[in-house]
Amino acid sequence: MELGISSFGEVNPDHVSGGAKNAHLRVQQLLEEIKLADEVGLDVFALGEHHRPDYVVSAPEIILSAAAATTKNIKLSSAVTVLSSADPVRVFQNFSSLDLVSNGRAEIMAGRGSFIESFPLFGYDLSDYDALFSEKLELLLKLNESEKINWQGHFRPSIDNRGVYPRPLQEKLPIWLAVGGTPASAARAGALNIPMTVAIIGGTPERFVPFIQLFRQSAEKAGHDVSKLPLAINSHFYTSDTYEKAMDEFFPPYELTMNRVGRERGWSPIGRDYVEFMQKSGPLMVGSPQQIIDKIMYFYELFQQTRYLAQLVGGHMIPHTKVLRAIELFGTEVAPVVRKEIAKKQAV
């Protein structure tokens, strides 16, 4: 199993037209986090695209390219690229460039995004939400297959036997489909034989089992080898030396972040009792290294995932030394045990 970190790059908004000191500091911190993740042997680091004042990453491939210069082995991915409001040609070119810079370590995680700010920003109509994604995913996959393409769609000018450059160092860019729980998305990923990343943020992990089954059944029905089809599980994460320390450090920024988003979406406010319940019975990956190991292995029993992505939340509100400590513990204490346990299970 691959183990990695994902981040949206939360930031305290500067609210200035220039001189964005908080944004500058947060980007430097992200680069330090990616470098450390590589040093402690984690497999992937992913950055999510957003277009809001409270997130610093609007162009993941730019920051990942900077990280490529200070890392050696770690895969560098978006989490996600909001494909519905992007030009697939530019997405492919940017990540191909990242692939060349990083010696073949670039990945694209394509999705619709968890926020909608990019739609009016780039001139798209939310009523076209599904059609935009379907068409642009089709084009991105075609771009990845061949140097020159002929293509015609509804939302973008046609391409008439044009080459798209540069090409990546890898034979093809790994393209993952990021989903939240819509059955049609799982069925599409399986039918297209696309690796899928499932973000499990709320509810109980068990309720996602039929969703994962649909993904694999759709792949099998389409004639694909399910045993070779990657699956990633993504959930909110934080670890420290003990459960009490981890929860005390994690809860205040998590509460602020989730309640801020909740006010926008009409969710009820959360408190510590809810967070502790989600840690015990839900997908929340918070606690000591052993607790993290146990829950990742429980996820594996449910899903047989090939990758787990630990999403850091509210990183700018936790002292950065503690965020780095969480990454260090994940790489040095959690990852080796999980890999060993997975190897035992797969050898049976």
# chains A, B, ... in the order shown; residues from 1 in each chain; ligands from 1

call {"tool": "select_by_dssp", "arguments": {"residues": "range 91-327 of chain A", "states": "alpha helix (DSSP H)", "output": "JSON, numbers by chain"}}
result
{"A": [91, 92, 93, 94, 95, 96, 97, 98, 99, 100, 101, 118, 119, 120, 121, 129, 130, 131, 132, 133, 134, 135, 136, 137, 138, 139, 140, 141, 142, 143, 144, 145, 183, 184, 185, 186, 187, 188, 189, 190, 191, 192, 209, 210, 211, 212, 213, 214, 215, 216, 217, 218, 219, 220, 221, 243, 244, 245, 246, 247, 248, 249, 250, 251, 252, 253, 254, 255, 256, 257, 258, 259, 260, 261, 262, 263, 264, 265, 272, 273, 274, 275, 276, 277, 278, 279, 280, 281, 289, 290, 291, 292, 293, 294, 295, 296, 297, 298, 299, 300, 301, 302, 303, 320, 321, 322, 323, 324, 325, 326, 327]}

call {"tool": "closest_atom_pairs", "arguments": {"of": "range 215-243 of chain A", "to": "range 294-303 of chain A", "cutoff": "10 Å", "atoms": "only C-alpha atoms", "output": "Markdown table"}}
result
| residue | atom | partner | partner_atom | distance |
| --- | --- | --- | --- | --- |
| A:Leu231 | CA | A:Phe303 | CA | 8.5 |
| A:Ala232 | CA | A:Phe303 | CA | 9.2 |
| A:Ile233 | CA | A:Phe299 | CA | 8.1 |

call {"tool": "residues_around", "arguments": {"residues": "Lys322 in chain A", "least_positions_apart": "3", "cutoff": "10 Å", "atoms": "only C-alpha atoms", "output": "PDB file with all heavy atoms, in the first residue's frame"}}
result
ATOM      1  N   TYR A 238      -4.482  13.507  11.704  1.00  0.00           N
ATOM      2  CA  TYR A 238      -3.472  14.168  12.538  1.00  0.00           C
ATOM      3  C   TYR A 238      -2.986  13.151  13.563  1.00  0.00           C
ATOM      4  O   TYR A 238      -3.781  12.382  14.119  1.00  0.00           O
ATOM      5  CB  TYR A 238      -4.035  15.395  13.269  1.00  0.00           C
ATOM      6  CG  TYR A 238      -2.973  16.169  14.019  1.00  0.00           C
ATOM      7  CD1 TYR A 238      -2.072  16.983  13.335  1.00  0.00           C
ATOM      8  CD2 TYR A 238      -2.848  16.061  15.394  1.00  0.00           C
ATOM      9  CE1 TYR A 238      -1.090  17.688  14.008  1.00  0.00           C
ATOM     10  CE2 TYR A 238      -1.865  16.758  16.074  1.00  0.00           C
ATOM     11  CZ  TYR A 238      -0.988  17.564  15.381  1.00  0.00           C
ATOM     12  OH  TYR A 238      -0.014  18.262  16.046  1.00  0.00           O
ATOM     13  N   THR A 239      -1.693  13.135  13.814  1.00  0.00           N
ATOM     14  CA  THR A 239      -1.150  12.225  14.815  1.00  0.00           C
ATOM     15  C   THR A 239      -0.123  12.941  15.686  1.00  0.00           C
ATOM     16  O   THR A 239       0.519  13.903  15.263  1.00  0.00           O
ATOM     17  CB  THR A 239      -0.505  10.975  14.163  1.00  0.00           C
ATOM     18  OG1 THR A 239      -0.172  10.029  15.190  1.00  0.00           O
ATOM     19  CG2 THR A 239       0.757  11.324  13.387  1.00  0.00           C
ATOM     20  N   SER A 240      -0.044  12.476  16.914  1.00  0.00           N
ATOM     21  CA  SER A 240       0.974  12.937  17.857  1.00  0.00           C
ATOM     22  C   SER A 240       1.342  11.748  18.732  1.00  0.00           C
ATOM     23  O   SER A 240       0.915  10.621  18.480  1.00  0.00           O
ATOM     24  CB  SER A 240       0.447  14.115  18.689  1.00  0.00           C
ATOM     25  OG  SER A 240       1.503  14.701  19.427  1.00  0.00           O
ATOM     26  N   ALA A 246      -2.827  14.435  20.553  1.00  0.00           N
ATOM     27  CA  ALA A 246      -3.271  14.606  19.173  1.00  0.00           C
ATOM     28  C   ALA A 246      -4.620  15.309  19.118  1.00  0.00           C
ATOM     29  O   ALA A 246      -4.819  16.248  18.335  1.00  0.00           O
ATOM     30  CB  ALA A 246      -3.345  13.247  18.475  1.00  0.00           C
ATOM     31  N   GLU A 249      -4.463  19.052  20.145  1.00  0.00           N
ATOM     32  CA  GLU A 249      -3.841  19.907  19.131  1.00  0.00           C
ATOM     33  C   GLU A 249      -4.692  20.025  17.873  1.00  0.00           C
ATOM     34  O   GLU A 249      -4.721  21.073  17.226  1.00  0.00           O
ATOM     35  CB  GLU A 249      -2.459  19.355  18.772  1.00  0.00           C
ATOM     36  CG  GLU A 249      -1.465  19.443  19.919  1.00  0.00           C
ATOM     37  CD  GLU A 249      -0.156  18.699  19.659  1.00  0.00           C
ATOM     38  OE1 GLU A 249      -0.028  18.062  18.590  1.00  0.00           O
ATOM     39  OE2 GLU A 249       0.732  18.742  20.533  1.00  0.00           O
ATOM     40  N   GLY A 315      -3.671  23.219   8.962  1.00  0.00           N
ATOM     41  CA  GLY A 315      -2.241  23.225   9.257  1.00  0.00           C
ATOM     42  C   GLY A 315      -1.687  24.565   9.687  1.00  0.00           C
ATOM     43  O   GLY A 315      -0.776  24.634  10.509  1.00  0.00           O
ATOM     44  N   ILE A 318      -2.088  25.153  13.492  1.00  0.00           N
ATOM     45  CA  ILE A 318      -1.306  24.304  14.384  1.00  0.00           C
ATOM     46  C   ILE A 318       0.155  24.723  14.233  1.00  0.00           C
ATOM     47  O   ILE A 318       0.618  24.932  13.107  1.00  0.00           O
ATOM     48  CB  ILE A 318      -1.468  22.816  14.010  1.00  0.00           C
ATOM     49  CG1 ILE A 318      -2.940  22.398  14.092  1.00  0.00           C
ATOM     50  CG2 ILE A 318      -0.619  21.923  14.912  1.00  0.00           C
ATOM     51  CD1 ILE A 318      -3.206  20.984  13.594  1.00  0.00           C
ATOM     52  N   PRO A 319       0.906  24.891  15.327  1.00  0.00           N
ATOM     53  CA  PRO A 319       2.323  25.241  15.172  1.00  0.00           C
ATOM     54  C   PRO A 319       3.000  24.331  14.163  1.00  0.00           C
ATOM     55  O   PRO A 319       2.830  23.099  14.204  1.00  0.00           O
ATOM     56  CB  PRO A 319       2.878  25.047  16.590  1.00  0.00           C
ATOM     57  CG  PRO A 319       1.705  25.301  17.487  1.00  0.00           C
ATOM     58  CD  PRO A 319       0.514  24.765  16.749  1.00  0.00           C
ATOM     59  N   ARG A 325       6.006  17.222  12.910  1.00  0.00           N
ATOM     60  CA  ARG A 325       6.111  16.047  13.771  1.00  0.00           C
ATOM     61  C   ARG A 325       5.077  14.988  13.368  1.00  0.00           C
ATOM     62  O   ARG A 325       5.382  13.787  13.340  1.00  0.00           O
ATOM     63  CB  ARG A 325       5.898  16.452  15.237  1.00  0.00           C
ATOM     64  CG  ARG A 325       5.870  15.303  16.240  1.00  0.00           C
ATOM     65  CD  ARG A 325       7.170  14.543  16.292  1.00  0.00           C
ATOM     66  NE  ARG A 325       7.147  13.525  17.346  1.00  0.00           N
ATOM     67  CZ  ARG A 325       7.983  12.499  17.408  1.00  0.00           C
ATOM     68  NH1 ARG A 325       8.929  12.351  16.480  1.00  0.00           N
ATOM     69  NH2 ARG A 325       7.898  11.636  18.407  1.00  0.00           N
ATOM     70  N   ALA A 326       3.877  15.429  13.005  1.00  0.00           N
ATOM     71  CA  ALA A 326       2.849  14.492  12.563  1.00  0.00           C
ATOM     72  C   ALA A 326       3.288  13.777  11.287  1.00  0.00           C
ATOM     73  O   ALA A 326       3.091  12.561  11.141  1.00  0.00           O
ATOM     74  CB  ALA A 326       1.533  15.226  12.342  1.00  0.00           C
ATOM     75  N   ILE A 327       3.880  14.510  10.363  1.00  0.00           N
ATOM     76  CA  ILE A 327       4.377  13.898   9.128  1.00  0.00           C
ATOM     77  C   ILE A 327       5.505  12.924   9.436  1.00  0.00           C
ATOM     78  O   ILE A 327       5.567  11.819   8.872  1.00  0.00           O
ATOM     79  CB  ILE A 327       4.839  14.992   8.145  1.00  0.00           C
ATOM     80  CG1 ILE A 327       3.651  15.846   7.699  1.00  0.00           C
ATOM     81  CG2 ILE A 327       5.543  14.378   6.929  1.00  0.00           C
ATOM     82  CD1 ILE A 327       4.034  17.056   6.878  1.00  0.00           C
ATOM     83  N   GLU A 328       6.396  13.332  10.333  1.00  0.00           N
ATOM     84  CA  GLU A 328       7.505  12.458  10.710  1.00  0.00           C
ATOM     85  C   GLU A 328       7.004  11.154  11.325  1.00  0.00           C
ATOM     86  O   GLU A 328       7.471  10.059  10.971  1.00  0.00           O
ATOM     87  CB  GLU A 328       8.419  13.183  11.695  1.00  0.00           C
ATOM     88  CG  GLU A 328       9.610  12.361  12.153  1.00  0.00           C
ATOM     89  CD  GLU A 328      10.451  13.065  13.204  1.00  0.00           C
ATOM     90  OE1 GLU A 328       9.998  14.087  13.757  1.00  0.00           O
ATOM     91  OE2 GLU A 328      11.570  12.580  13.470  1.00  0.00           O
TER      92      GLU A 328
END

call {"tool": "residues_around", "arguments": {"residues": "Gln93 in chain A", "least_positions_apart": "6", "cutoff": "10 Å", "atoms": "only C-alpha atoms", "output": "list in words"}}
result
Asp99, Leu143, Val164, Tyr165, Pro166, Arg167 and Pro168 of chain A

call {"tool": "write_last_selection", "arguments": {"atoms": "N, CA, C and O atoms", "output": "mmCIF file, in the first residue's frame"}}
result
data_model
loop_
_atom_site.group_PDB
_atom_site.id
_atom_site.type_symbol
_atom_site.label_atom_id
_atom_site.label_comp_id
_atom_site.auth_asym_id
_atom_site.auth_seq_id
_atom_site.Cartn_x
_atom_site.Cartn_y
_atom_site.Cartn_z
ATOM 1 N N ASP A 99 6.118 16.634 -14.676
ATOM 2 C CA ASP A 99 6.701 15.301 -14.816
ATOM 3 C C ASP A 99 8.146 15.383 -15.282
ATOM 4 O O ASP A 99 9.007 14.629 -14.808
ATOM 5 N N LEU A 143 -5.824 13.155 -24.500
ATOM 6 C CA LEU A 143 -4.526 13.832 -24.546
ATOM 7 C C LEU A 143 -3.417 12.950 -23.987
ATOM 8 O O LEU A 143 -2.275 12.983 -24.451
ATOM 9 N N VAL A 164 0.006 18.078 -28.801
ATOM 10 C CA VAL A 164 -0.009 18.783 -27.520
ATOM 11 C C VAL A 164 1.300 18.478 -26.804
ATOM 12 O O VAL A 164 1.622 17.314 -26.550
ATOM 13 N N TYR A 165 2.031 19.521 -26.459
ATOM 14 C CA TYR A 165 3.381 19.378 -25.918
ATOM 15 C C TYR A 165 3.559 20.263 -24.685
ATOM 16 O O TYR A 165 2.855 21.259 -24.537
ATOM 17 N N PRO A 166 4.536 19.874 -23.803
ATOM 18 C CA PRO A 166 5.433 18.721 -23.918
ATOM 19 C C PRO A 166 4.724 17.426 -23.531
ATOM 20 O O PRO A 166 3.683 17.439 -22.899
ATOM 21 N N ARG A 167 5.330 16.327 -23.926
ATOM 22 C CA ARG A 167 4.884 15.013 -23.480
ATOM 23 C C ARG A 167 5.610 14.672 -22.183
ATOM 24 O O ARG A 167 6.725 15.141 -21.943
ATOM 25 N N PRO A 168 4.999 13.869 -21.327
ATOM 26 C CA PRO A 168 5.631 13.538 -20.044
ATOM 27 C C PRO A 168 6.794 12.570 -20.200
ATOM 28 O O PRO A 168 6.932 11.901 -21.225
#

call {"tool": "select_by_dssp", "arguments": {"residues": "range 105-305 of chain A", "states": "strand (DSSP E or B)", "output": "PyMOL selection string"}}
result
chain A and resi 106-111+148-151+159-163+175-179+196-199+231-239+285-287

call {"tool": "closest_residue", "arguments": {"among": "A:Val40, A:Ala110, A:Val11, A:Leu137", "to": "Ile74 in chain A", "atoms": "only C-alpha atoms"}}
result
A:Val40

call {"tool": "residues_around", "arguments": {"residues": "Lys228 in chain A", "least_positions_apart": "2", "cutoff": "12 Å", "atoms": "only C-alpha atoms", "output": "list in words"}}
result
Gly190, Asn193, Ile194, Pro195, Arg216, Ala219, Glu220, His224, Asp225, Val226, Pro230, Leu231, Gln305 and Thr306 of chain A

call {"tool": "closest_residue", "arguments": {"among": "A:Asp87, A:Glu171, A:Asp160, A:Glu49", "to": "Glu61 in chain A", "atoms": "only C-alpha atoms"}}
result
A:Glu49

call {"tool": "atom_distance", "arguments": {"atom1": "CA of Leu121 in chain A", "atom2": "CA of Tyr55 in chain A"}}
result
15.5 Å

call {"tool": "closest_residue", "arguments": {"among": "A:Glu341, A:Glu117, A:Glu135, A:Glu276", "to": "Met1 in chain A", "atoms": "only C-alpha atoms"}}
result
A:Glu341

call {"tool": "closest_residue", "arguments": {"among": "A:Glu206, A:Glu39, A:Glu33, A:Glu244", "to": "Ser7 in chain A", "atoms": "only C-alpha atoms"}}
result
A:Glu33

call {"tool": "closest_residue", "arguments": {"among": "A:Leu64, A:Ala186, A:Val57, A:Val338", "to": "Phe208 in chain A", "atoms": "only C-alpha atoms"}}
result
A:Ala186

call {"tool": "atom_distance", "arguments": {"atom1": "CA of Phe237 in chain A", "atom2": "CA of Arg307 in chain A"}}
result
14.6 Å

call {"tool": "atom_distance", "arguments": {"atom1": "CA of His316 in chain A", "atom2": "CA of Val286 in chain A"}}
result
17.3 Å

call {"tool": "closest_residue", "arguments": {"among": "A:Leu256, A:Leu324, A:Val101, A:Leu42", "to": "Tyr308 in chain A", "atoms": "only C-alpha atoms"}}
result
A:Leu42

call {"tool": "residues_around", "arguments": {"residues": "Ala46 in chain A", "least_positions_apart": "2", "cutoff": "10 Å", "atoms": "only C-alpha atoms", "output": "PyMOL selection string"}}
result
chain A and resi 4-8+34+44+48-49+60-61+64+75-80+106-109+309-311

call {"tool": "write_last_selection", "arguments": {"atoms": "N, CA, C and O atoms", "output": "mmCIF file, in the first residue's frame"}}
result
data_model
loop_
_atom_site.group_PDB
_atom_site.id
_atom_site.type_symbol
_atom_site.label_atom_id
_atom_site.label_comp_id
_atom_site.auth_asym_id
_atom_site.auth_seq_id
_atom_site.Cartn_x
_atom_site.Cartn_y
_atom_site.Cartn_z
ATOM 1 N N GLY A 4 0.516 8.383 1.849
ATOM 2 C CA GLY A 4 0.895 9.751 1.523
ATOM 3 C C GLY A 4 0.100 10.781 2.289
ATOM 4 O O GLY A 4 -0.767 10.464 3.110
ATOM 5 N N ILE A 5 0.418 12.022 1.992
ATOM 6 C CA ILE A 5 -0.190 13.191 2.628
ATOM 7 C C ILE A 5 -0.917 13.995 1.563
ATOM 8 O O ILE A 5 -0.450 14.103 0.424
ATOM 9 N N SER A 6 -2.053 14.577 1.933
ATOM 10 C CA SER A 6 -2.686 15.576 1.079
ATOM 11 C C SER A 6 -2.969 16.818 1.900
ATOM 12 O O SER A 6 -3.132 16.749 3.126
ATOM 13 N N SER A 7 -3.011 17.955 1.217
ATOM 14 C CA SER A 7 -3.246 19.230 1.901
ATOM 15 C C SER A 7 -3.936 20.198 0.961
ATOM 16 O O SER A 7 -3.667 20.211 -0.244
ATOM 17 N N PHE A 8 -4.827 21.008 1.512
ATOM 18 C CA PHE A 8 -5.436 22.095 0.754
ATOM 19 C C PHE A 8 -4.676 23.403 0.953
ATOM 20 O O PHE A 8 -4.996 24.411 0.336
ATOM 21 N N ILE A 34 6.496 18.857 2.183
ATOM 22 C CA ILE A 34 6.709 17.896 1.102
ATOM 23 C C ILE A 34 8.122 17.319 1.171
ATOM 24 O O ILE A 34 8.330 16.116 0.991
ATOM 25 N N VAL A 44 3.630 9.638 -1.569
ATOM 26 C CA VAL A 44 2.973 10.659 -2.388
ATOM 27 C C VAL A 44 2.617 11.866 -1.530
ATOM 28 O O VAL A 44 2.332 11.732 -0.335
ATOM 29 N N GLY A 48 -4.419 20.297 -3.101
ATOM 30 C CA GLY A 48 -5.730 20.546 -3.677
ATOM 31 C C GLY A 48 -5.871 21.956 -4.227
ATOM 32 O O GLY A 48 -5.416 22.922 -3.619
ATOM 33 N N GLU A 49 -6.518 22.052 -5.379
ATOM 34 C CA GLU A 49 -6.770 23.346 -6.028
ATOM 35 C C GLU A 49 -8.018 24.010 -5.450
ATOM 36 O O GLU A 49 -9.093 23.412 -5.401
ATOM 37 N N PRO A 60 -1.762 23.833 -8.055
ATOM 38 C CA PRO A 60 -0.936 22.818 -7.390
ATOM 39 C C PRO A 60 0.346 22.493 -8.134
ATOM 40 O O PRO A 60 1.403 22.297 -7.517
ATOM 41 N N GLU A 61 0.291 22.455 -9.471
ATOM 42 C CA GLU A 61 1.459 22.039 -10.238
ATOM 43 C C GLU A 61 2.631 23.001 -10.094
ATOM 44 O O GLU A 61 3.793 22.600 -10.240
ATOM 45 N N LEU A 64 4.120 22.168 -6.633
ATOM 46 C CA LEU A 64 4.712 20.834 -6.741
ATOM 47 C C LEU A 64 5.998 20.860 -7.560
ATOM 48 O O LEU A 64 6.937 20.103 -7.280
ATOM 49 N N LYS A 75 5.976 10.859 -5.057
ATOM 50 C CA LYS A 75 5.100 11.238 -6.160
ATOM 51 C C LYS A 75 4.395 12.547 -5.829
ATOM 52 O O LYS A 75 4.032 12.790 -4.667
ATOM 53 N N LEU A 76 4.187 13.364 -6.839
ATOM 54 C CA LEU A 76 3.649 14.712 -6.652
ATOM 55 C C LEU A 76 2.337 14.830 -7.418
ATOM 56 O O LEU A 76 2.317 14.749 -8.642
ATOM 57 N N SER A 77 1.243 15.017 -6.669
ATOM 58 C CA SER A 77 -0.085 14.950 -7.259
ATOM 59 C C SER A 77 -0.933 16.151 -6.869
ATOM 60 O O SER A 77 -0.698 16.792 -5.834
ATOM 61 N N SER A 78 -1.938 16.423 -7.687
ATOM 62 C CA SER A 78 -2.980 17.350 -7.259
ATOM 63 C C SER A 78 -3.989 16.585 -6.411
ATOM 64 O O SER A 78 -4.032 15.364 -6.427
ATOM 65 N N ALA A 79 -4.834 17.363 -5.674
ATOM 66 C CA ALA A 79 -5.819 16.710 -4.804
ATOM 67 C C ALA A 79 -6.998 17.658 -4.504
ATOM 68 O O ALA A 79 -7.214 17.987 -3.357
ATOM 69 N N VAL A 80 -7.735 18.138 -5.436
ATOM 70 C CA VAL A 80 -7.784 17.708 -6.808
ATOM 71 C C VAL A 80 -7.460 18.873 -7.752
ATOM 72 O O VAL A 80 -7.379 20.016 -7.326
ATOM 73 N N ALA A 106 5.034 12.978 -11.554
ATOM 74 C CA ALA A 106 3.789 13.752 -11.550
ATOM 75 C C ALA A 106 2.564 12.855 -11.671
ATOM 76 O O ALA A 106 2.586 11.828 -12.358
ATOM 77 N N GLU A 107 1.484 13.260 -11.020
ATOM 78 C CA GLU A 107 0.182 12.617 -11.140
ATOM 79 C C GLU A 107 -0.897 13.695 -11.188
ATOM 80 O O GLU A 107 -0.716 14.793 -10.650
ATOM 81 N N ILE A 108 -2.015 13.358 -11.804
ATOM 82 C CA ILE A 108 -3.189 14.232 -11.798
ATOM 83 C C ILE A 108 -4.313 13.518 -11.063
ATOM 84 O O ILE A 108 -4.622 12.366 -11.368
ATOM 85 N N MET A 109 -4.900 14.195 -10.095
ATOM 86 C CA MET A 109 -6.124 13.711 -9.476
ATOM 87 C C MET A 109 -7.233 14.656 -9.940
ATOM 88 O O MET A 109 -7.296 15.804 -9.509
ATOM 89 N N LEU A 309 -4.351 8.228 1.660
ATOM 90 C CA LEU A 309 -3.904 9.620 1.717
ATOM 91 C C LEU A 309 -4.415 10.259 3.002
ATOM 92 O O LEU A 309 -5.636 10.303 3.242
ATOM 93 N N ALA A 310 -3.499 10.756 3.810
ATOM 94 C CA ALA A 310 -3.826 11.400 5.069
ATOM 95 C C ALA A 310 -3.934 12.907 4.839
ATOM 96 O O ALA A 310 -2.933 13.560 4.519
ATOM 97 N N GLN A 311 -5.139 13.433 4.968
ATOM 98 C CA GLN A 311 -5.345 14.856 4.685
ATOM 99 C C GLN A 311 -5.156 15.700 5.936
ATOM 100 O O GLN A 311 -5.938 15.629 6.877
#

call {"tool": "residues_around", "arguments": {"residues": "Ile63 in chain A", "least_positions_apart": "3", "cutoff": "9 Å", "atoms": "only C-alpha atoms", "output": "mmCIF file with N, CA, C and O atoms, in the first residue's frame"}}
result
data_model
loop_
_atom_site.group_PDB
_atom_site.id
_atom_site.type_symbol
_atom_site.label_atom_id
_atom_site.label_comp_id
_atom_site.auth_asym_id
_atom_site.auth_seq_id
_atom_site.Cartn_x
_atom_site.Cartn_y
_atom_site.Cartn_z
ATOM 1 N N VAL A 27 3.171 28.887 1.802
ATOM 2 C CA VAL A 27 3.769 28.153 0.688
ATOM 3 C C VAL A 27 5.126 27.584 1.094
ATOM 4 O O VAL A 27 5.458 26.432 0.784
ATOM 5 N N LEU A 30 4.523 24.543 3.145
ATOM 6 C CA LEU A 30 4.135 23.402 2.324
ATOM 7 C C LEU A 30 5.348 22.754 1.674
ATOM 8 O O LEU A 30 5.468 21.523 1.628
ATOM 9 N N LEU A 31 6.262 23.576 1.178
ATOM 10 C CA LEU A 31 7.475 23.034 0.568
ATOM 11 C C LEU A 31 8.297 22.255 1.593
ATOM 12 O O LEU A 31 8.864 21.197 1.274
ATOM 13 N N LEU A 47 -1.628 18.148 -3.430
ATOM 14 C CA LEU A 47 -2.131 19.476 -3.092
ATOM 15 C C LEU A 47 -3.436 19.744 -3.829
ATOM 16 O O LEU A 47 -3.544 19.496 -5.027
ATOM 17 N N VAL A 57 -3.453 27.348 -2.305
ATOM 18 C CA VAL A 57 -3.078 26.589 -3.498
ATOM 19 C C VAL A 57 -4.159 26.737 -4.576
ATOM 20 O O VAL A 57 -5.201 26.091 -4.518
ATOM 21 N N ALA A 59 -2.873 26.745 -7.888
ATOM 22 C CA ALA A 59 -2.163 26.078 -8.981
ATOM 23 C C ALA A 59 -1.235 25.020 -8.377
ATOM 24 O O ALA A 59 -0.034 25.270 -8.192
ATOM 25 N N PRO A 60 -1.762 23.833 -8.055
ATOM 26 C CA PRO A 60 -0.936 22.818 -7.390
ATOM 27 C C PRO A 60 0.346 22.493 -8.134
ATOM 28 O O PRO A 60 1.403 22.297 -7.517
ATOM 29 N N ALA A 66 8.125 23.329 -7.590
ATOM 30 C CA ALA A 66 9.145 23.823 -6.659
ATOM 31 C C ALA A 66 9.587 22.703 -5.723
ATOM 32 O O ALA A 66 10.777 22.556 -5.423
ATOM 33 N N ALA A 67 8.634 21.900 -5.271
ATOM 34 C CA ALA A 67 8.967 20.783 -4.384
ATOM 35 C C ALA A 67 9.794 19.723 -5.090
ATOM 36 O O ALA A 67 10.601 19.031 -4.462
ATOM 37 N N ALA A 68 9.592 19.592 -6.390
ATOM 38 C CA ALA A 68 10.343 18.581 -7.145
ATOM 39 C C ALA A 68 11.842 18.809 -7.051
ATOM 40 O O ALA A 68 12.628 17.854 -7.098
#
